[in-house]
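Structure data follow from model_4.pdb (PDB, C-alpha atoms and all ligand atoms):
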MODEL        1
ATOM      1  CA  MET A   7     121.326 105.350 103.478  1.00  0.00           C
ATOM      2  CA  GLN A   8     119.413 107.925 101.455  1.00  0.00           C
ATOM      3  CA  LYS A   9     116.093 106.427 102.647  1.00  0.00           C
ATOM      4  CA  LEU A  10     117.266 106.694 106.239  1.00  0.00           C
ATOM      5  CA  SER A  11     118.138 110.377 105.734  1.00  0.00           C
ATOM      6  CA  VAL A  12     114.707 111.075 104.282  1.00  0.00           C
ATOM      7  CA  LEU A  13     113.033 109.193 107.134  1.00  0.00           C
ATOM      8  CA  VAL A  14     115.064 111.103 109.708  1.00  0.00           C
ATOM      9  CA  ALA A  15     114.261 114.424 108.007  1.00  0.00           C
ATOM     10  CA  VAL A  16     110.545 113.619 107.833  1.00  0.00           C
ATOM     11  CA  THR A  17     110.538 112.470 111.446  1.00  0.00           C
ATOM     12  CA  PHE A  18     112.207 115.618 112.762  1.00  0.00           C
ATOM     13  CA  LEU A  19     110.133 117.920 110.580  1.00  0.00           C
ATOM     14  CA  SER A  20     106.835 116.262 111.421  1.00  0.00           C
ATOM     15  CA  PRO A  21     104.222 118.364 113.234  1.00  0.00           C
ATOM     16  CA  LEU A  22     104.629 116.265 116.374  1.00  0.00           C
ATOM     17  CA  ALA A  23     108.404 116.799 116.421  1.00  0.00           C
ATOM     18  CA  LEU A  24     107.831 120.541 116.002  1.00  0.00           C
ATOM     19  CA  GLY A  25     105.362 120.609 118.899  1.00  0.00           C
ATOM     20  CA  VAL A  26     102.425 121.368 116.652  1.00  0.00           C
ATOM     21  CA  THR A  27      99.237 119.382 117.027  1.00  0.00           C
ATOM     22  CA  PRO A  28      98.398 117.859 113.666  1.00  0.00           C
ATOM     23  CA  LEU A  29      94.933 118.522 112.323  1.00  0.00           C
ATOM     24  CA  PHE A  30      93.208 115.668 110.594  1.00  0.00           C
ATOM     25  CA  ILE A  31      89.976 116.091 108.739  1.00  0.00           C
ATOM     26  CA  GLY A  32      87.625 113.328 107.751  1.00  0.00           C
ATOM     27  CA  PRO A  33      87.618 111.731 104.348  1.00  0.00           C
ATOM     28  CA  GLU A  34      85.810 113.602 101.640  1.00  0.00           C
ATOM     29  CA  GLN A  35      83.992 111.705  98.942  1.00  0.00           C
ATOM     30  CA  VAL A  36      84.689 112.814  95.396  1.00  0.00           C
ATOM     31  CA  THR A  37      81.529 113.754  93.561  1.00  0.00           C
ATOM     32  CA  ASP A  38      80.485 114.198  89.963  1.00  0.00           C
ATOM     33  CA  GLY A  39      77.748 116.788  89.585  1.00  0.00           C
ATOM     34  CA  GLY A  40      77.020 116.470  93.303  1.00  0.00           C
ATOM     35  CA  VAL A  41      76.682 112.676  93.206  1.00  0.00           C
ATOM     36  CA  PRO A  42      79.391 110.487  94.792  1.00  0.00           C
ATOM     37  CA  ILE A  43      81.504 108.692  92.199  1.00  0.00           C
ATOM     38  CA  ASP A  44      81.133 104.938  92.520  1.00  0.00           C
ATOM     39  CA  VAL A  45      82.771 102.420  90.209  1.00  0.00           C
ATOM     40  CA  GLY A  46      82.001  99.441  92.396  1.00  0.00           C
ATOM     41  CA  TYR A  47      84.995  97.867  93.997  1.00  0.00           C
ATOM     42  CA  TYR A  48      88.686  97.896  93.164  1.00  0.00           C
ATOM     43  CA  GLY A  49      88.548 101.412  91.742  1.00  0.00           C
ATOM     44  CA  ALA A  50      91.985 102.663  90.761  1.00  0.00           C
ATOM     45  CA  PRO A  51      92.071 106.486  90.875  1.00  0.00           C
ATOM     46  CA  ALA A  52      94.851 108.752  89.651  1.00  0.00           C
ATOM     47  CA  MET A  53      95.055 112.511  89.227  1.00  0.00           C
ATOM     48  CA  TYR A  54      96.778 113.824  86.121  1.00  0.00           C
ATOM     49  CA  ASP A  55      96.311 116.870  83.925  1.00  0.00           C
ATOM     50  CA  TRP A  56      95.233 114.851  80.913  1.00  0.00           C
ATOM     51  CA  ASN A  57      94.092 117.754  78.723  1.00  0.00           C
ATOM     52  CA  LEU A  58      96.919 120.083  79.812  1.00  0.00           C
ATOM     53  CA  ASP A  59      94.614 122.895  80.956  1.00  0.00           C
ATOM     54  CA  GLY A  60      96.403 123.316  84.284  1.00  0.00           C
ATOM     55  CA  ALA A  61      93.888 121.398  86.428  1.00  0.00           C
ATOM     56  CA  LYS A  62      94.437 117.775  87.345  1.00  0.00           C
ATOM     57  CA  ASP A  63      91.776 115.457  85.962  1.00  0.00           C
ATOM     58  CA  LEU A  64      90.547 112.262  87.577  1.00  0.00           C
ATOM     59  CA  ILE A  65      91.463 109.062  85.782  1.00  0.00           C
ATOM     60  CA  LEU A  66      89.652 106.140  87.297  1.00  0.00           C
ATOM     61  CA  GLY A  67      90.018 102.496  86.414  1.00  0.00           C
ATOM     62  CA  GLN A  68      86.923 100.485  87.055  1.00  0.00           C
ATOM     63  CA  PHE A  69      86.870  96.786  87.798  1.00  0.00           C
ATOM     64  CA  THR A  70      83.609  96.099  85.987  1.00  0.00           C
ATOM     65  CA  GLU A  71      84.309  95.776  82.263  1.00  0.00           C
ATOM     66  CA  GLY A  72      87.919  96.863  82.802  1.00  0.00           C
ATOM     67  CA  LYS A  73      87.314 100.332  81.395  1.00  0.00           C
ATOM     68  CA  ILE A  74      89.077 103.574  82.288  1.00  0.00           C
ATOM     69  CA  ARG A  75      87.040 106.684  83.047  1.00  0.00           C
ATOM     70  CA  LEU A  76      88.268 110.223  82.462  1.00  0.00           C
ATOM     71  CA  TYR A  77      86.634 112.946  84.545  1.00  0.00           C
ATOM     72  CA  GLU A  78      87.816 116.299  83.225  1.00  0.00           C
ATOM     73  CA  ASN A  79      88.315 118.770  86.045  1.00  0.00           C
ATOM     74  CA  LYS A  80      86.186 121.853  85.368  1.00  0.00           C
ATOM     75  CA  GLY A  81      87.432 123.484  88.579  1.00  0.00           C
ATOM     76  CA  THR A  82      90.894 123.793  90.043  1.00  0.00           C
ATOM     77  CA  ASP A  83      93.305 121.475  91.804  1.00  0.00           C
ATOM     78  CA  GLN A  84      92.209 123.010  95.116  1.00  0.00           C
ATOM     79  CA  ALA A  85      88.473 122.775  94.327  1.00  0.00           C
ATOM     80  CA  PRO A  86      87.968 120.168  91.612  1.00  0.00           C
ATOM     81  CA  GLU A  87      84.616 119.955  89.858  1.00  0.00           C
ATOM     82  CA  PHE A  88      83.522 117.121  87.622  1.00  0.00           C
ATOM     83  CA  ASP A  89      80.571 116.922  85.265  1.00  0.00           C
ATOM     84  CA  GLY A  90      80.383 113.498  83.713  1.00  0.00           C
ATOM     85  CA  TYR A  91      83.048 111.270  82.257  1.00  0.00           C
ATOM     86  CA  THR A  92      84.180 109.630  79.067  1.00  0.00           C
ATOM     87  CA  PHE A  93      85.909 106.317  78.606  1.00  0.00           C
ATOM     88  CA  PHE A  94      89.435 106.167  77.283  1.00  0.00           C
ATOM     89  CA  GLN A  95      89.285 105.054  73.678  1.00  0.00           C
ATOM     90  CA  SER A  96      91.544 103.773  70.964  1.00  0.00           C
ATOM     91  CA  GLY A  97      90.435 103.661  67.347  1.00  0.00           C
ATOM     92  CA  GLY A  98      86.911 104.706  68.336  1.00  0.00           C
ATOM     93  CA  ASN A  99      86.487 101.831  70.803  1.00  0.00           C
ATOM     94  CA  ASP A 100      86.561 101.891  74.577  1.00  0.00           C
ATOM     95  CA  ILE A 101      89.829 100.569  75.909  1.00  0.00           C
ATOM     96  CA  THR A 102      89.329  97.574  78.151  1.00  0.00           C
ATOM     97  CA  LEU A 103      91.855  95.892  80.355  1.00  0.00           C
ATOM     98  CA  PRO A 104      91.721  92.380  81.767  1.00  0.00           C
ATOM     99  CA  TYR A 105      89.758  92.208  84.999  1.00  0.00           C
ATOM    100  CA  GLY A 106      88.374  89.570  87.307  1.00  0.00           C
TER
HETATM  101 CA    CA A 201      93.024 119.062  83.067  1.00  0.00          CA
ENDMDL
END
So, in terms of structure tokens, how does the structure I just supplied come out?
Amino acid sequence: MQKLSVLVAVTFLSPLALGVTPLFIGPEQVTDGGVPIDVGYYGAPAMYDWNLDGAKDLILGQFTEGKIRLYENKGTDQAPEFDGYTFFQSGGNDITLPYG
């Protein structure tokens, strides 16, 4: 019942229900130092303020080698900027997860 209430609320508060034409913009590729980030296929991105500086960082699982990249956000949540990445480590070694 709670899901139905949320669905009804979202439906009636949607831009179309309010008579407002929604504005969609095209996808924007996330870049690192101006270069599109590419981890091959099956990338698993998440945004989380890993270093607790107030700006969400990009945590990105990569299929190849099963490693996890951390891109620290040097900008803001509204205008993120990345400049390189590090791999998540444990005991001085890159953490790897099963892949393939
Ligand atoms: Ca951060």
List as JSON, numbers by chain the protein and nucleic acid residues lying within 12 Å of ligand CA 201 (chain A), with all atoms listed in the file counted. {"A": [53, 54, 55, 56, 57, 58, 59, 60, 61, 62, 63, 64, 65, 76, 77, 78, 79, 80, 81, 82, 83, 86, 87, 88]}
Hey, what comes out of the PyMOL selection byres (((chain A and resi 89-95) around 6) and not hetatm) on this file? Could you write it as a PyMOL selection string? chain A and resi 38-39+74-77+88+96+98-101
Filtering to C-alpha atoms, could you give me those residues as a short mmCIF file (atom, residue, chain, number, x, y, z; two decimals), in the frame of the given file?
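Okay, out-v3.cif is ready:
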data_model
loop_
_atom_site.label_atom_id
_atom_site.label_comp_id
_atom_site.auth_asym_id
_atom_site.auth_seq_id
_atom_site.Cartn_x
_atom_site.Cartn_y
_atom_site.Cartn_z
CA ASP A 38 80.48 114.20 89.96
CA GLY A 39 77.75 116.79 89.58
CA ILE A 74 89.08 103.57 82.29
CA ARG A 75 87.04 106.68 83.05
CA LEU A 76 88.27 110.22 82.46
CA TYR A 77 86.63 112.95 84.54
CA PHE A 88 83.52 117.12 87.62
CA SER A 96 91.54 103.77 70.96
CA GLY A 98 86.91 104.71 68.34
CA ASN A 99 86.49 101.83 70.80
CA ASP A 100 86.56 101.89 74.58
CA ILE A 101 89.83 100.57 75.91
#
Expressed in Å, the length from CA of Pro28 in chain A to CA of Pro42 in chain A is 27.8 Å
Give as an MDAnalysis selection string the residues that the PyMOL selection byres (((chain A and resi 48) around 12) and not hetatm) matches when applied to the coordinates above. chainID A and resid 44:47 49:51 66:72 105:106
By how many Å are CA of Leu103 in chain A and CA of Val36 in chain A apart?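 Distance reported for this atom pair: 23.7 Å.
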Report, in Å to a single decimal, how far apart CA of Gly32 in chain A and CA of Gln84 in chain A are.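 That distance, rounded to one decimal, is 16.6 Å.
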First collect every listed atom of range 40-43 of chain A; then fit an axis-aligned box around them, widen it by 4 Å on each side, and give centre and edge lengths in Å to one decimal, as JSON.
{"center_x": 79.1, "center_y": 112.6, "center_z": 93.5, "size_x": 12.8, "size_y": 15.8, "size_z": 10.6}
Take range 25-55 of chain A, model N, CA and C atoms, and hand the result over as a tab-separated table (two decimals), in the frame of the given file.
chain	number	residue	atom	x	y	z
A	25	GLY	N	106.22	120.19	117.80
A	25	GLY	CA	105.36	120.61	118.90
A	25	GLY	C	104.04	121.16	118.43
A	26	VAL	N	103.69	120.89	117.20
A	26	VAL	CA	102.42	121.37	116.65
A	26	VAL	C	101.45	120.20	116.62
A	27	THR	N	100.25	120.43	117.07
A	27	THR	CA	99.24	119.38	117.03
A	27	THR	C	98.73	119.23	115.60
A	28	PRO	N	98.88	118.04	115.04
A	28	PRO	CA	98.40	117.86	113.67
A	28	PRO	C	96.88	117.94	113.62
A	29	LEU	N	96.38	118.41	112.51
A	29	LEU	CA	94.93	118.52	112.32
A	29	LEU	C	94.53	117.56	111.22
A	30	PHE	N	93.70	116.63	111.58
A	30	PHE	CA	93.21	115.67	110.59
A	30	PHE	C	91.74	115.97	110.32
A	31	ILE	N	91.38	115.92	109.08
A	31	ILE	CA	89.98	116.09	108.74
A	31	ILE	C	89.47	114.77	108.18
A	32	GLY	N	88.20	114.57	108.21
A	32	GLY	CA	87.62	113.33	107.75
A	32	GLY	C	87.76	113.16	106.26
A	33	PRO	N	87.55	111.95	105.79
A	33	PRO	CA	87.62	111.73	104.35
A	33	PRO	C	86.51	112.48	103.64
A	34	GLU	N	86.79	112.86	102.44
A	34	GLU	CA	85.81	113.60	101.64
A	34	GLU	C	85.56	112.81	100.37
A	35	GLN	N	84.33	112.49	100.11
A	35	GLN	CA	83.99	111.70	98.94
A	35	GLN	C	84.01	112.59	97.70
A	36	VAL	N	84.62	112.08	96.65
A	36	VAL	CA	84.69	112.81	95.40
A	36	VAL	C	83.36	112.66	94.68
A	37	THR	N	82.83	113.78	94.21
A	37	THR	CA	81.53	113.75	93.56
A	37	THR	C	81.63	114.18	92.11
A	38	ASP	N	80.63	113.80	91.36
A	38	ASP	CA	80.48	114.20	89.96
A	38	ASP	C	79.10	114.81	89.84
A	39	GLY	N	79.04	116.11	89.64
A	39	GLY	CA	77.75	116.79	89.58
A	39	GLY	C	76.96	116.64	90.88
A	40	GLY	N	77.66	116.57	92.00
A	40	GLY	CA	77.02	116.47	93.30
A	40	GLY	C	76.72	115.05	93.74
A	41	VAL	N	76.96	114.08	92.88
A	41	VAL	CA	76.68	112.68	93.21
A	41	VAL	C	78.01	111.95	93.44
A	42	PRO	N	78.14	111.21	94.55
A	42	PRO	CA	79.39	110.49	94.79
A	42	PRO	C	79.75	109.56	93.63
A	43	ILE	N	81.02	109.57	93.26
A	43	ILE	CA	81.50	108.69	92.20
A	43	ILE	C	81.63	107.29	92.77
A	44	ASP	N	81.09	106.33	92.07
A	44	ASP	CA	81.13	104.94	92.52
A	44	ASP	C	81.36	104.04	91.31
A	45	VAL	N	82.48	103.36	91.30
A	45	VAL	CA	82.77	102.42	90.21
A	45	VAL	C	82.73	100.99	90.72
A	46	GLY	N	82.03	100.78	91.82
A	46	GLY	CA	82.00	99.44	92.40
A	46	GLY	C	83.21	99.25	93.28
A	47	TYR	N	83.82	98.13	93.17
A	47	TYR	CA	85.00	97.87	94.00
A	47	TYR	C	86.26	97.80	93.14
A	48	TYR	N	87.37	97.89	93.80
A	48	TYR	CA	88.69	97.90	93.16
A	48	TYR	C	88.87	99.07	92.21
A	49	GLY	N	88.31	100.21	92.54
A	49	GLY	CA	88.55	101.41	91.74
A	49	GLY	C	90.02	101.78	91.85
A	50	ALA	N	90.57	102.29	90.78
A	50	ALA	CA	91.98	102.66	90.76
A	50	ALA	C	92.11	104.12	90.31
A	51	PRO	N	92.04	105.08	91.25
A	51	PRO	CA	92.07	106.49	90.88
A	51	PRO	C	93.48	107.03	90.71
A	52	ALA	N	93.60	108.00	89.83
A	52	ALA	CA	94.85	108.75	89.65
A	52	ALA	C	94.49	110.16	89.21
A	53	MET	N	95.27	111.12	89.64
A	53	MET	CA	95.06	112.51	89.23
A	53	MET	C	96.17	112.90	88.27
A	54	TYR	N	95.80	113.43	87.13
A	54	TYR	CA	96.78	113.82	86.12
A	54	TYR	C	96.12	114.84	85.20
A	55	ASP	N	96.86	115.85	84.81
A	55	ASP	CA	96.31	116.87	83.92
A	55	ASP	C	96.31	116.33	82.49
